[in-house]
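Peer 1: Enclosed is the structure file run.cif (mmCIF, C-alpha atoms).
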data_start
loop_
_atom_site.label_atom_id
_atom_site.label_comp_id
_atom_site.auth_asym_id
_atom_site.auth_seq_id
_atom_site.Cartn_x
_atom_site.Cartn_y
_atom_site.Cartn_z
CA MET C 1 -15.18 18.76 27.97
CA SER C 2 -12.03 16.68 28.34
CA ARG C 3 -10.85 14.55 25.44
CA TYR C 4 -8.27 11.86 25.02
CA THR C 5 -5.18 13.32 23.35
CA ARG C 6 -3.86 11.67 20.20
CA GLU C 7 -1.06 10.20 22.31
CA GLN C 8 -3.54 8.78 24.83
CA MET C 9 -5.58 7.28 21.98
CA ALA C 10 -2.46 5.62 20.60
CA ALA C 11 -1.52 4.26 24.02
CA ARG C 12 -5.06 2.95 24.49
CA VAL C 13 -5.01 1.06 21.16
CA ALA C 14 -1.58 -0.37 22.00
CA ARG C 15 -2.99 -1.88 25.21
CA ASP C 16 -5.41 -4.00 23.14
CA ILE C 17 -2.73 -5.58 20.97
CA PRO C 18 -1.73 -8.96 22.37
CA GLU C 19 1.66 -10.58 22.40
CA GLY C 20 2.46 -12.39 19.19
CA ALA C 21 0.00 -10.42 17.04
CA TYR C 22 0.75 -9.54 13.42
CA VAL C 23 -0.32 -5.93 13.04
CA ASN C 24 -0.52 -3.35 10.27
CA LEU C 25 -0.69 0.30 11.33
CA GLY C 26 -2.23 2.68 8.80
CA ILE C 27 -0.78 6.02 7.76
CA GLY C 28 -1.29 9.02 10.06
CA LEU C 29 -2.62 8.69 13.59
CA PRO C 30 -2.41 4.85 13.69
CA THR C 31 1.35 5.08 13.11
CA LYS C 32 1.65 6.54 16.63
CA VAL C 33 0.50 3.23 18.14
CA ALA C 34 3.96 1.82 17.47
CA ASN C 35 5.41 4.23 20.04
CA TYR C 36 3.32 2.62 22.80
CA LEU C 37 3.78 -1.08 22.11
CA PRO C 38 5.40 -2.46 25.28
CA ALA C 39 9.02 -3.49 24.87
CA ASP C 40 8.46 -6.71 26.79
CA LYS C 41 5.85 -8.01 24.32
CA GLU C 42 6.84 -9.45 20.94
CA ILE C 43 4.50 -7.89 18.37
CA PHE C 44 5.12 -8.11 14.62
CA LEU C 45 4.47 -4.96 12.60
CA GLN C 46 3.74 -5.50 8.92
CA SER C 47 4.17 -2.79 6.30
CA GLU C 48 2.30 -3.19 3.01
CA ASN C 49 5.38 -2.37 0.94
CA GLY C 50 7.01 -5.66 1.87
CA LEU C 51 8.24 -5.62 5.43
CA LEU C 52 7.53 -7.77 8.48
CA GLY C 53 9.21 -6.97 11.76
CA MET C 54 9.29 -3.24 11.20
CA GLY C 55 11.29 -1.27 13.74
CA PRO C 56 11.27 2.40 14.75
CA ALA C 57 12.56 5.33 12.73
CA PRO C 58 16.33 5.32 12.26
CA ALA C 59 18.65 7.76 14.01
CA PRO C 60 19.32 10.94 12.02
CA GLY C 61 21.87 10.19 9.33
CA GLU C 62 21.03 6.47 9.32
CA GLU C 63 18.10 6.74 6.88
CA ASP C 64 18.07 4.30 3.94
CA GLU C 65 15.95 5.20 0.91
CA ASP C 66 15.36 1.50 0.26
CA LEU C 67 13.94 0.90 3.75
CA ILE C 68 10.67 2.77 4.12
CA ASN C 69 7.15 2.23 5.45
CA ALA C 70 3.79 2.59 3.72
CA GLY C 71 3.90 6.34 4.38
CA LYS C 72 7.27 6.37 2.56
CA GLN C 73 9.10 7.42 5.72
CA PRO C 74 12.43 5.81 6.67
CA VAL C 75 12.15 2.94 9.13
CA THR C 76 14.34 0.10 10.42
CA LEU C 77 14.06 -3.69 10.40
CA LEU C 78 14.12 -5.61 13.66
CA THR C 79 16.44 -8.57 14.04
CA GLY C 80 14.47 -11.48 12.59
CA GLY C 81 12.48 -9.28 10.21
CA ALA C 82 11.84 -10.15 6.56
CA TYR C 83 11.35 -8.52 3.17
CA PHE C 84 8.94 -9.80 0.51
CA HIS C 85 7.24 -8.67 -2.67
CA HIS C 86 3.87 -6.99 -2.99
CA ALA C 87 1.77 -10.03 -3.90
CA ASP C 88 3.01 -11.82 -0.78
CA SER C 89 2.41 -8.72 1.31
CA PHE C 90 -1.23 -8.50 0.29
CA ALA C 91 -1.68 -12.26 0.54
CA MET C 92 -0.89 -11.74 4.22
CA MET C 93 -3.92 -9.46 4.45
CA ARG C 94 -6.35 -11.09 2.03
CA GLY C 95 -5.41 -14.57 3.16
CA GLY C 96 -6.38 -13.85 6.75
CA HIS C 97 -2.88 -14.04 8.21
CA LEU C 98 -2.84 -10.51 9.61
CA ASP C 99 -4.43 -10.33 13.08
CA ILE C 100 -5.11 -6.61 13.41
CA CYS C 101 -5.02 -3.49 11.31
CA VAL C 102 -5.45 0.00 12.71
CA LEU C 103 -6.87 2.54 10.29
CA GLY C 104 -7.96 6.15 10.32
CA ALA C 105 -11.45 7.03 9.09
CA PHE C 106 -13.72 9.76 7.79
CA GLN C 107 -16.79 7.86 8.98
CA VAL C 108 -17.80 4.54 10.54
CA SER C 109 -21.40 3.34 10.41
CA ALA C 110 -23.38 1.56 13.10
CA GLY C 111 -23.00 -1.62 11.07
CA GLY C 112 -19.23 -1.32 10.88
CA ASP C 113 -18.98 0.09 7.36
CA LEU C 114 -15.81 2.09 6.88
CA ALA C 115 -15.25 5.22 4.77
CA ASN C 116 -11.66 6.40 4.81
CA TRP C 117 -10.30 6.80 1.29
CA HIS C 118 -12.26 9.34 -0.72
CA THR C 119 -14.47 12.29 0.06
CA GLY C 120 -16.29 11.84 -3.23
CA ALA C 121 -15.95 15.57 -3.94
CA PRO C 122 -16.00 16.19 -7.71
CA ASP C 123 -12.59 17.89 -7.71
CA ALA C 124 -10.92 15.35 -5.39
CA ILE C 125 -8.30 13.04 -6.87
CA PRO C 126 -9.11 9.57 -5.50
CA ALA C 127 -6.33 7.45 -3.98
CA VAL C 128 -7.02 4.17 -2.25
CA GLY C 129 -3.66 2.49 -1.64
CA GLY C 130 -3.98 -0.57 0.59
CA ALA C 131 -6.99 0.64 2.60
CA MET C 132 -9.59 -1.66 1.01
CA ASP C 133 -7.29 -4.69 1.17
CA LEU C 134 -6.62 -4.10 4.86
CA ALA C 135 -10.25 -3.38 5.69
CA SER C 136 -11.52 -6.58 4.10
CA GLY C 137 -8.52 -8.79 4.86
CA ALA C 138 -7.36 -8.27 8.45
CA LYS C 139 -9.01 -10.50 11.06
CA GLN C 140 -9.76 -7.45 13.21
CA VAL C 141 -10.07 -3.85 12.07
CA PHE C 142 -9.55 -1.11 14.64
CA VAL C 143 -10.41 2.46 13.70
CA MET C 144 -8.79 5.49 15.33
CA MET C 145 -10.40 8.85 14.68
CA GLU C 146 -11.70 12.03 16.25
CA HIS C 147 -15.26 11.52 17.43
CA GLN C 148 -16.42 14.59 15.51
CA THR C 149 -15.35 16.57 12.48
CA LYS C 150 -13.94 20.07 12.87
CA ASN C 151 -17.49 21.31 12.27
CA GLY C 152 -18.80 19.24 15.16
CA GLU C 153 -20.51 16.54 13.08
CA SER C 154 -20.36 12.99 14.37
CA LYS C 155 -18.04 10.67 12.45
CA ILE C 156 -19.99 7.72 13.80
CA VAL C 157 -23.13 7.58 11.67
CA ASP C 158 -26.08 5.38 10.77
CA GLN C 159 -24.98 5.21 7.14
CA CYS C 160 -21.72 6.51 5.70
CA ALA C 161 -22.14 9.49 3.39
CA TYR C 162 -18.68 9.09 1.90
CA PRO C 163 -17.70 6.33 -0.56
CA LEU C 164 -17.08 3.07 1.31
CA THR C 165 -13.77 1.37 1.89
CA GLY C 166 -15.37 -1.82 3.17
CA ILE C 167 -18.72 -3.16 4.32
CA GLY C 168 -19.22 -4.30 7.93
CA CYS C 169 -15.49 -4.59 8.44
CA VAL C 170 -14.83 -2.47 11.56
CA ASN C 171 -14.60 -4.26 14.91
CA ARG C 172 -13.64 -1.49 17.33
CA ILE C 173 -13.58 2.31 17.26
CA TYR C 174 -11.20 4.44 19.33
CA THR C 175 -12.09 8.13 19.41
CA ASP C 176 -11.03 11.07 21.53
CA LEU C 177 -14.20 10.53 23.57
CA ALA C 178 -14.79 6.79 23.82
CA VAL C 179 -13.91 3.22 22.94
CA ILE C 180 -16.77 1.47 21.14
CA ASP C 181 -17.21 -2.06 19.85
CA VAL C 182 -19.19 -2.81 16.69
CA THR C 183 -21.35 -5.82 17.58
CA PRO C 184 -24.27 -7.62 15.91
CA GLN C 185 -26.46 -6.00 18.59
CA GLY C 186 -25.18 -2.50 17.81
CA LEU C 187 -22.52 -0.07 18.96
CA GLN C 188 -21.41 -1.14 22.42
CA VAL C 189 -19.65 1.53 24.49
CA LEU C 190 -16.69 0.12 26.43
CA GLU C 191 -15.14 3.28 27.87
CA ILE C 192 -15.91 7.00 27.98
CA VAL C 193 -13.48 9.83 28.63
CA GLU C 194 -13.56 11.01 32.24
CA GLY C 195 -16.19 13.65 32.96
CA LEU C 196 -18.49 12.73 30.06
CA SER C 197 -21.74 10.87 30.72
CA PHE C 198 -23.23 8.22 28.44
CA GLU C 199 -26.13 10.54 27.66
CA GLU C 200 -23.75 13.34 26.68
CA LEU C 201 -21.73 10.94 24.52
CA GLN C 202 -24.92 9.77 22.82
CA LYS C 203 -25.84 13.38 21.97
CA LEU C 204 -22.48 13.81 20.24
CA THR C 205 -22.87 10.57 18.28
CA GLY C 206 -24.82 10.11 15.05
CA ALA C 207 -25.88 6.53 15.74
CA THR C 208 -27.51 4.72 18.66
CA LEU C 209 -25.09 3.54 21.35
CA ARG C 210 -25.48 0.85 24.00
CA PRO C 211 -24.22 1.80 27.46
CA ALA C 212 -21.32 -0.01 29.07
CA ALA C 213 -22.44 -2.86 31.28
CA MET W 1 20.92 2.52 -21.39
CA GLU W 2 19.76 3.39 -24.91
CA GLN W 3 20.01 -0.26 -25.89
CA ALA W 4 18.16 -1.32 -22.76
CA VAL W 5 14.98 0.48 -23.80
CA GLU W 6 15.27 -0.28 -27.51
CA GLY W 7 12.05 -1.40 -29.15
CA ILE W 8 9.61 0.21 -26.72
CA HIS W 9 6.87 1.29 -29.08
CA ASP W 10 4.25 4.02 -29.01
CA GLY W 11 1.13 2.81 -27.25
CA ALA W 12 3.01 0.21 -25.17
CA THR W 13 1.83 -0.87 -21.74
CA ILE W 14 4.78 -0.55 -19.37
CA MET W 15 4.99 -1.69 -15.78
CA ILE W 16 7.37 0.39 -13.71
CA GLY W 17 8.57 -0.97 -10.37
CA GLY W 18 8.82 0.99 -7.18
CA PHE W 19 6.83 2.15 -4.21
CA GLY W 20 7.41 5.87 -4.18
CA ASN W 21 11.10 6.20 -4.96
CA ALA W 22 12.13 2.88 -3.38
CA GLY W 23 12.75 0.50 -6.25
CA MET W 24 11.97 3.02 -8.95
CA PRO W 25 14.21 2.34 -11.99
CA SER W 26 15.11 5.98 -12.57
CA ALA W 27 17.92 5.31 -15.06
CA LEU W 28 15.59 3.26 -17.28
CA ILE W 29 12.86 5.89 -17.03
CA ASP W 30 15.31 8.60 -18.05
CA ALA W 31 16.35 6.42 -20.99
CA LEU W 32 12.70 5.92 -21.92
CA ILE W 33 12.13 9.68 -21.88
CA ALA W 34 15.12 10.14 -24.19
CA GLN W 35 13.93 7.27 -26.40
CA GLY W 36 10.68 9.08 -27.10
CA ALA W 37 7.90 6.45 -27.00
CA ARG W 38 4.53 8.05 -26.35
CA GLU W 39 0.85 7.26 -25.77
CA LEU W 40 2.03 4.89 -23.06
CA THR W 41 -0.06 3.07 -20.47
CA ILE W 42 1.90 2.94 -17.22
CA VAL W 43 1.35 0.52 -14.33
CA ASN W 44 2.86 1.65 -11.03
CA ASN W 45 1.71 1.88 -7.43
CA ASN W 46 1.86 5.67 -7.56
CA ALA W 47 1.72 8.36 -10.20
CA GLY W 48 5.09 9.98 -9.72
CA ASN W 49 6.74 11.88 -6.89
CA GLY W 50 8.44 15.25 -7.24
CA GLU W 51 9.78 16.07 -10.69
CA THR W 52 12.05 13.13 -11.48
CA GLY W 53 11.59 9.49 -12.49
CA LEU W 54 7.97 8.61 -13.30
CA ALA W 55 6.91 12.22 -12.67
CA ALA W 56 9.35 13.35 -15.37
CA LEU W 57 7.89 10.82 -17.84
CA LEU W 58 4.42 12.19 -17.12
CA LYS W 59 5.65 15.76 -17.42
CA ALA W 60 7.16 14.95 -20.83
CA GLY W 61 3.62 14.15 -22.00
CA ARG W 62 4.32 10.52 -22.86
CA VAL W 63 1.63 8.86 -20.77
CA LYS W 64 -2.02 8.60 -21.82
CA LYS W 65 -3.17 6.32 -19.00
CA ILE W 66 -1.96 5.20 -15.61
CA ILE W 67 -3.08 2.17 -13.63
CA CYS W 68 -2.21 2.65 -9.96
CA SER W 69 -3.46 2.54 -6.38
CA PHE W 70 -2.27 5.79 -4.86
CA PRO W 71 -1.80 8.73 -7.24
CA ARG W 72 -2.48 11.59 -4.84
CA GLN W 73 0.42 12.52 -2.60
CA THR W 74 1.96 15.69 -1.24
CA ASP W 75 4.48 15.69 -4.08
CA SER W 76 2.35 14.36 -6.94
CA GLN W 77 1.92 17.80 -8.47
CA VAL W 78 2.81 16.66 -12.00
CA PHE W 79 0.09 13.99 -12.07
CA ASP W 80 -2.41 16.25 -10.27
CA ALA W 81 -2.08 18.97 -12.92
CA LEU W 82 -2.43 16.51 -15.83
CA TYR W 83 -5.43 14.80 -14.22
CA ARG W 84 -7.25 18.04 -13.49
CA ALA W 85 -6.57 19.20 -17.05
CA GLY W 86 -8.08 15.94 -18.38
CA LYS W 87 -4.79 15.02 -20.03
CA ILE W 88 -4.34 11.64 -18.38
CA GLU W 89 -6.66 8.70 -17.80
CA LEU W 90 -6.63 7.06 -14.36
CA GLU W 91 -7.58 3.46 -13.53
CA LEU W 92 -7.59 3.28 -9.75
CA THR W 93 -7.14 -0.18 -8.23
CA PRO W 94 -6.80 -1.23 -4.59
CA GLN W 95 -3.12 -1.96 -3.99
CA GLY W 96 -3.54 -5.67 -3.24
CA ASN W 97 -5.76 -6.16 -6.27
CA LEU W 98 -3.15 -4.32 -8.34
CA ALA W 99 -0.43 -6.66 -7.09
CA GLU W 100 -2.53 -9.78 -7.60
CA ARG W 101 -3.70 -8.69 -11.07
CA ILE W 102 -0.03 -8.32 -12.03
CA ARG W 103 0.88 -11.65 -10.43
CA ALA W 104 -2.08 -13.35 -12.14
CA ALA W 105 -0.90 -12.16 -15.55
CA GLY W 106 2.55 -13.55 -14.89
CA ALA W 107 1.13 -16.84 -13.64
CA GLY W 108 -1.25 -17.36 -16.57
CA ILE W 109 -4.44 -16.83 -14.54
CA GLY W 110 -7.38 -15.54 -16.58
CA GLY W 111 -9.06 -13.75 -13.67
CA PHE W 112 -9.70 -14.21 -9.97
CA PHE W 113 -12.30 -13.43 -7.33
CA SER W 114 -11.04 -10.99 -4.68
CA PRO W 115 -12.95 -9.88 -1.56
CA THR W 116 -11.20 -6.52 -1.66
CA GLY W 117 -13.39 -3.65 -2.75
CA TYR W 118 -16.69 -5.55 -2.71
CA GLY W 119 -19.57 -3.10 -2.33
CA THR W 120 -17.40 -0.07 -3.09
CA MET W 121 -17.33 2.23 -6.10
CA LEU W 122 -14.11 0.56 -7.27
CA ALA W 123 -16.09 -2.64 -7.86
CA GLU W 124 -18.96 -0.99 -9.74
CA GLY W 125 -19.86 -2.83 -12.92
CA LYS W 126 -17.73 -5.85 -12.07
CA GLU W 127 -19.02 -9.40 -11.78
CA THR W 128 -19.45 -10.58 -8.19
CA ARG W 129 -19.88 -14.01 -6.67
CA LEU W 130 -20.85 -15.39 -3.28
CA ILE W 131 -18.40 -18.15 -2.32
CA ASP W 132 -18.75 -19.95 1.01
CA GLY W 133 -20.73 -17.05 2.42
CA ARG W 134 -18.32 -14.34 1.39
CA HIS W 135 -18.68 -11.80 -1.39
CA TYR W 136 -16.01 -11.53 -4.07
CA VAL W 137 -15.33 -9.34 -7.11
CA LEU W 138 -13.96 -10.67 -10.39
CA GLU W 139 -10.62 -9.05 -11.15
CA SER W 140 -8.71 -9.32 -14.42
CA PRO W 141 -4.99 -9.83 -14.97
CA ILE W 142 -2.82 -6.91 -16.10
CA HIS W 143 -0.42 -7.86 -18.89
CA ALA W 144 2.36 -5.59 -20.06
CA ASP W 145 4.58 -5.28 -23.11
CA PHE W 146 7.52 -4.17 -20.98
CA ALA W 147 8.47 -4.02 -17.33
CA LEU W 148 11.14 -1.64 -16.09
CA ILE W 149 12.38 -2.70 -12.68
CA LYS W 150 15.27 -2.06 -10.32
CA ALA W 151 17.22 -4.72 -8.49
CA LEU W 152 20.42 -4.81 -6.49
CA ARG W 153 22.31 -7.43 -8.44
CA GLY W 154 21.75 -9.47 -11.55
CA ASP W 155 23.67 -11.91 -13.70
CA ARG W 156 23.89 -12.77 -17.39
CA TRP W 157 20.98 -15.19 -17.12
CA GLY W 158 18.74 -12.51 -15.62
CA ASN W 159 18.66 -13.84 -12.07
CA LEU W 160 17.96 -11.02 -9.64
CA VAL W 161 18.22 -10.16 -5.98
CA TYR W 162 16.70 -6.99 -4.58
CA ARG W 163 17.46 -4.65 -1.71
CA LYS W 164 15.17 -4.19 1.30
CA THR W 165 11.76 -2.66 0.55
CA ALA W 166 12.93 -1.68 -2.94
CA ARG W 167 11.82 -5.21 -3.92
CA ASN W 168 8.08 -4.34 -3.77
CA PHE W 169 6.53 -4.81 -7.26
CA GLY W 170 9.73 -5.91 -9.02
CA PRO W 171 9.36 -9.70 -8.86
CA ILE W 172 5.70 -9.77 -9.97
CA MET W 173 6.12 -7.18 -12.72
CA ALA W 174 9.04 -9.19 -14.07
CA MET W 175 6.63 -12.12 -14.50
CA ALA W 176 3.84 -10.13 -16.12
CA ALA W 177 5.64 -8.47 -19.03
CA LYS W 178 6.66 -9.84 -22.42
CA CYS W 179 9.99 -8.08 -22.02
CA THR W 180 11.41 -7.28 -18.59
CA ILE W 181 14.32 -4.87 -18.34
CA ALA W 182 16.13 -4.73 -15.02
CA GLN W 183 18.52 -2.01 -13.97
CA VAL W 184 20.91 -3.35 -11.36
CA SER W 185 23.62 -1.73 -9.32
CA GLU W 186 25.97 -4.55 -10.19
CA VAL W 187 26.09 -7.29 -12.79
CA VAL W 188 27.84 -10.29 -11.28
CA ALA W 189 29.22 -13.48 -12.79
CA LEU W 190 27.06 -16.59 -13.04
CA GLY W 191 27.23 -18.43 -9.76
CA GLU W 192 27.89 -15.39 -7.62
CA LEU W 193 24.24 -15.13 -6.64
CA ASP W 194 23.37 -17.83 -4.12
CA PRO W 195 20.73 -19.98 -5.86
CA GLU W 196 18.92 -20.30 -2.51
CA VAL W 197 18.32 -16.54 -2.31
CA ILE W 198 17.64 -15.62 -5.95
CA VAL W 199 14.26 -13.85 -5.83
CA THR W 200 13.55 -13.53 -9.54
CA PRO W 201 14.79 -16.42 -11.68
CA GLY W 202 16.22 -15.38 -15.03
CA ILE W 203 13.36 -16.81 -17.10
CA PHE W 204 11.36 -13.71 -16.16
CA VAL W 205 14.04 -11.22 -17.20
CA GLN W 206 15.09 -10.41 -20.76
CA ARG W 207 17.57 -7.56 -20.29
CA VAL W 208 19.88 -6.62 -17.42
CA VAL W 209 21.73 -3.33 -17.41
CA GLN W 210 24.21 -2.09 -14.85
CA THR W 211 23.82 1.44 -13.57
CA GLY W 212 26.90 1.45 -11.38
CA VAL W 213 27.23 1.82 -7.68
CA GLN W 214 24.58 4.04 -6.14
CA THR W 215 24.47 5.89 -2.87
CA SER W 216 22.02 3.35 -1.48
CA ILE W 217 24.42 0.43 -1.79
CA PRO W 218 25.53 -0.76 1.63
CA SER W 219 29.27 -0.69 2.25
CA ASN W 220 29.00 -4.03 4.02
CA PRO W 221 29.02 -6.76 1.34
CA GLN W 222 27.45 -9.23 3.77
CA GLU W 223 24.40 -7.04 3.99
CA ALA W 224 24.33 -6.49 0.25
CA ALA W 225 24.12 -10.23 -0.26
CA GLN W 226 20.95 -10.55 1.79
#
Rewrite the structure of this file - the entire thing - as structure tokens.
Peer 2:
Amino acid sequence: MSRYTREQMAARVARDIPEGAYVNLGIGLPTKVANYLPADKEIFLQSENGLLGMGPAPAPGEEDEDLINAGKQPVTLLTGGAYFHHADSFAMMRGGHLDICVLGAFQVSAGGDLANWHTGAPDAIPAVGGAMDLASGAKQVFVMMEHQTKNGESKIVDQCAYPLTGIGCVNRIYTDLAVIDVTPQGLQVLEIVEGLSFEELQKLTGATLRPAA
Amino acid sequence: MEQAVEGIHDGATIMIGGFGNAGMPSALIDALIAQGARELTIVNNNAGNGETGLAALLKAGRVKKIICSFPRQTDSQVFDALYRAGKIELELTPQGNLAERIRAAGAGIGGFFSPTGYGTMLAEGKETRLIDGRHYVLESPIHADFALIKALRGDRWGNLVYRKTARNFGPIMAMAAKCTIAQVSEVVALGELDPEVIVTPGIFVQRVVQTGVQTSIPSNPQEAAQ
């Protein structure tokens, strides 16, 4: 079975981000989306630690310990970018000013519930960061994740088994097998990786899907 | 530095600025470790990285409780060991709620309804309200006895400007503490900071201490003034 690579997933998400959008990319896989944003479109990347107009990683030797992203990696500021404090940064999310956030996930439910911060295991040390603020605050929440766990279990489920990050907050899911919208009518398949049928996709998915029109 | 942390008492609640190491007031933390106050409650986004700064304060056994959003990291081994041994209490708060709870304290707000975390385990036991069709959770302000923050430049009146993303929690923590202590790379004369770009007005800052030029200071003074 063919699957979208992580790079292809990132490129696919980037295609759905319109000119002029204010966007927050989560830590991990979503960070790759930045590499595929077209140079001819003006898109504003926000970083929760107080940065709007975030640019790419600096050249080796140009790193600045005071200029980092949410993953605490060195970044740059685009011409026209701005710095601000944490309350302003999260007002951008909570106040509905941020158009899109792209987050990783452990699980997404058919109703758009998101679980991405805590496995709930008794020995796990919980850490939430800005995940809940982004999930409930951004106008649109895109999730990027593998369709299945390493054990072959679907990460798209009827009800999340892991502790929730947000309720009914996910709008679109990008996996290595498909692109799926969360709609009031259910999970609407938009695209499937080449060579995989809808029926096969449904078998690999833990919630009912609606075929592409 | 000893004078800067004078009066910090056992059992104090202390906000410490920084997001990871950016904006962490390491010189003040080192002074606090030397000063010896214990049974502290610390408010920070994280719970220490590596072995220095906040991690060193934890390792010295001075902290009984930490209020933060993201304790677990690849280099949070000091916190991890204390937490697993039951030697430190953790109050986990979504990062935006943490920031707004700090801001609320500084702004004299008695509590606020936030949509963040509604329906999750971090909102368990908290009052909720439906406002205009949306669910909210009642969040309380976080007050502190002291705030230790790092800024780029400060003056005798306590006015501060920051540097890049090292600003993060500094301005709101300065507002939320009874006594805010700022370590700055340079103390400048009154009037040298452009009043149009002062980020933290001096009313929020009680002590300013110069730590000298650091490696992160840009060589271009134009940039430093931003």
Peer 1: Could you list, as a PDB file with C-alpha atoms, keeping the file's coordinate frame, every residue within 9 Å of segment 37-53 of chain C, counting all atoms listed in the file and ignoring same-chain residues fewer than 3 positions away?
Peer 2:
ATOM      1  CA  ALA C  11      -1.520   4.260  24.020  1.00  0.00           C
ATOM      2  CA  ALA C  14      -1.580  -0.370  22.000  1.00  0.00           C
ATOM      3  CA  ARG C  15      -2.990  -1.880  25.210  1.00  0.00           C
ATOM      4  CA  ILE C  17      -2.730  -5.580  20.970  1.00  0.00           C
ATOM      5  CA  PRO C  18      -1.730  -8.960  22.370  1.00  0.00           C
ATOM      6  CA  GLU C  19       1.660 -10.580  22.400  1.00  0.00           C
ATOM      7  CA  GLY C  20       2.460 -12.390  19.190  1.00  0.00           C
ATOM      8  CA  ALA C  21       0.000 -10.420  17.040  1.00  0.00           C
ATOM      9  CA  TYR C  22       0.750  -9.540  13.420  1.00  0.00           C
ATOM     10  CA  VAL C  23      -0.320  -5.930  13.040  1.00  0.00           C
ATOM     11  CA  ASN C  24      -0.520  -3.350  10.270  1.00  0.00           C
ATOM     12  CA  LEU C  25      -0.690   0.300  11.330  1.00  0.00           C
ATOM     13  CA  GLY C  26      -2.230   2.680   8.800  1.00  0.00           C
ATOM     14  CA  VAL C  33       0.500   3.230  18.140  1.00  0.00           C
ATOM     15  CA  ALA C  34       3.960   1.820  17.470  1.00  0.00           C
ATOM     16  CA  LEU C  67      13.940   0.900   3.750  1.00  0.00           C
ATOM     17  CA  ILE C  68      10.670   2.770   4.120  1.00  0.00           C
ATOM     18  CA  ASN C  69       7.150   2.230   5.450  1.00  0.00           C
ATOM     19  CA  ALA C  70       3.790   2.590   3.720  1.00  0.00           C
ATOM     20  CA  THR C  76      14.340   0.100  10.420  1.00  0.00           C
ATOM     21  CA  LEU C  77      14.060  -3.690  10.400  1.00  0.00           C
ATOM     22  CA  LEU C  78      14.120  -5.610  13.660  1.00  0.00           C
ATOM     23  CA  THR C  79      16.440  -8.570  14.040  1.00  0.00           C
ATOM     24  CA  GLY C  80      14.470 -11.480  12.590  1.00  0.00           C
ATOM     25  CA  GLY C  81      12.480  -9.280  10.210  1.00  0.00           C
ATOM     26  CA  ALA C  82      11.840 -10.150   6.560  1.00  0.00           C
ATOM     27  CA  TYR C  83      11.350  -8.520   3.170  1.00  0.00           C
ATOM     28  CA  PHE C  84       8.940  -9.800   0.510  1.00  0.00           C
ATOM     29  CA  HIS C  85       7.240  -8.670  -2.670  1.00  0.00           C
ATOM     30  CA  HIS C  86       3.870  -6.990  -2.990  1.00  0.00           C
ATOM     31  CA  ALA C  87       1.770 -10.030  -3.900  1.00  0.00           C
ATOM     32  CA  ASP C  88       3.010 -11.820  -0.780  1.00  0.00           C
ATOM     33  CA  SER C  89       2.410  -8.720   1.310  1.00  0.00           C
ATOM     34  CA  PHE C  90      -1.230  -8.500   0.290  1.00  0.00           C
ATOM     35  CA  MET C  93      -3.920  -9.460   4.450  1.00  0.00           C
ATOM     36  CA  LEU C  98      -2.840 -10.510   9.610  1.00  0.00           C
ATOM     37  CA  GLY C 130      -3.980  -0.570   0.590  1.00  0.00           C
TER      38      GLY C 130
ATOM     39  CA  PHE W  19       6.830   2.150  -4.210  1.00  0.00           C
ATOM     40  CA  GLN W  95      -3.120  -1.960  -3.990  1.00  0.00           C
ATOM     41  CA  GLY W  96      -3.540  -5.670  -3.240  1.00  0.00           C
ATOM     42  CA  LYS W 164      15.170  -4.190   1.300  1.00  0.00           C
ATOM     43  CA  THR W 165      11.760  -2.660   0.550  1.00  0.00           C
ATOM     44  CA  ALA W 166      12.930  -1.680  -2.940  1.00  0.00           C
ATOM     45  CA  ARG W 167      11.820  -5.210  -3.920  1.00  0.00           C
ATOM     46  CA  ASN W 168       8.080  -4.340  -3.770  1.00  0.00           C
ATOM     47  CA  PHE W 169       6.530  -4.810  -7.260  1.00  0.00           C
TER      48      PHE W 169
END
Peer 1: Run through the PyMOL selection byres ((chain W) within 8 of (chain C)) on the given coordinates and return the selected residues as an MDAnalysis selection string.
Peer 2: chainID W and resid 19:23 45 69:72 80 84 92:97 99:100 103 115:121 163:172 216
Peer 1: Return as a VMD selection string the set of residues that the PyMOL selection byres ((chain W and resi 175-177) around 10) yields on the displayed structure.
Peer 2: chain W and resid 13 to 15 101 to 108 141 to 148 170 to 174 178 to 181 200 to 201 203 to 206
Peer 1: Hey, what comes out of the PyMOL selection byres ((chain C and resi 6) around 10) on this file? Could you write it as a ChimeraX atom specification?
Peer 2: /C:3-5,7-12,29-30,32-33,144-146,175-176
Peer 1: If we count only C-alpha atoms and set the cut-off at 12 Å, which residues sit around Met1 of chain W, ignoring sequence neighbours fewer than 6 positions away in its own chain? Please answer as a short mmCIF file (atom, residue, chain, number, x, y, z; two decimals) with C-alpha atoms, in the frame of the given file.
Peer 2:
data_model
loop_
_atom_site.label_atom_id
_atom_site.label_comp_id
_atom_site.auth_asym_id
_atom_site.auth_seq_id
_atom_site.Cartn_x
_atom_site.Cartn_y
_atom_site.Cartn_z
CA PRO W 25 14.21 2.34 -11.99
CA SER W 26 15.11 5.98 -12.57
CA ALA W 27 17.92 5.31 -15.06
CA LEU W 28 15.59 3.26 -17.28
CA ILE W 29 12.86 5.89 -17.03
CA ASP W 30 15.31 8.60 -18.05
CA ALA W 31 16.35 6.42 -20.99
CA LEU W 32 12.70 5.92 -21.92
CA ILE W 33 12.13 9.68 -21.88
CA ALA W 34 15.12 10.14 -24.19
CA GLN W 35 13.93 7.27 -26.40
CA LEU W 148 11.14 -1.64 -16.09
CA ILE W 181 14.32 -4.87 -18.34
CA ALA W 182 16.13 -4.73 -15.02
CA GLN W 183 18.52 -2.01 -13.97
CA VAL W 184 20.91 -3.35 -11.36
CA ARG W 207 17.57 -7.56 -20.29
CA VAL W 208 19.88 -6.62 -17.42
CA VAL W 209 21.73 -3.33 -17.41
CA GLN W 210 24.21 -2.09 -14.85
CA THR W 211 23.82 1.44 -13.57
CA GLY W 212 26.90 1.45 -11.38
#
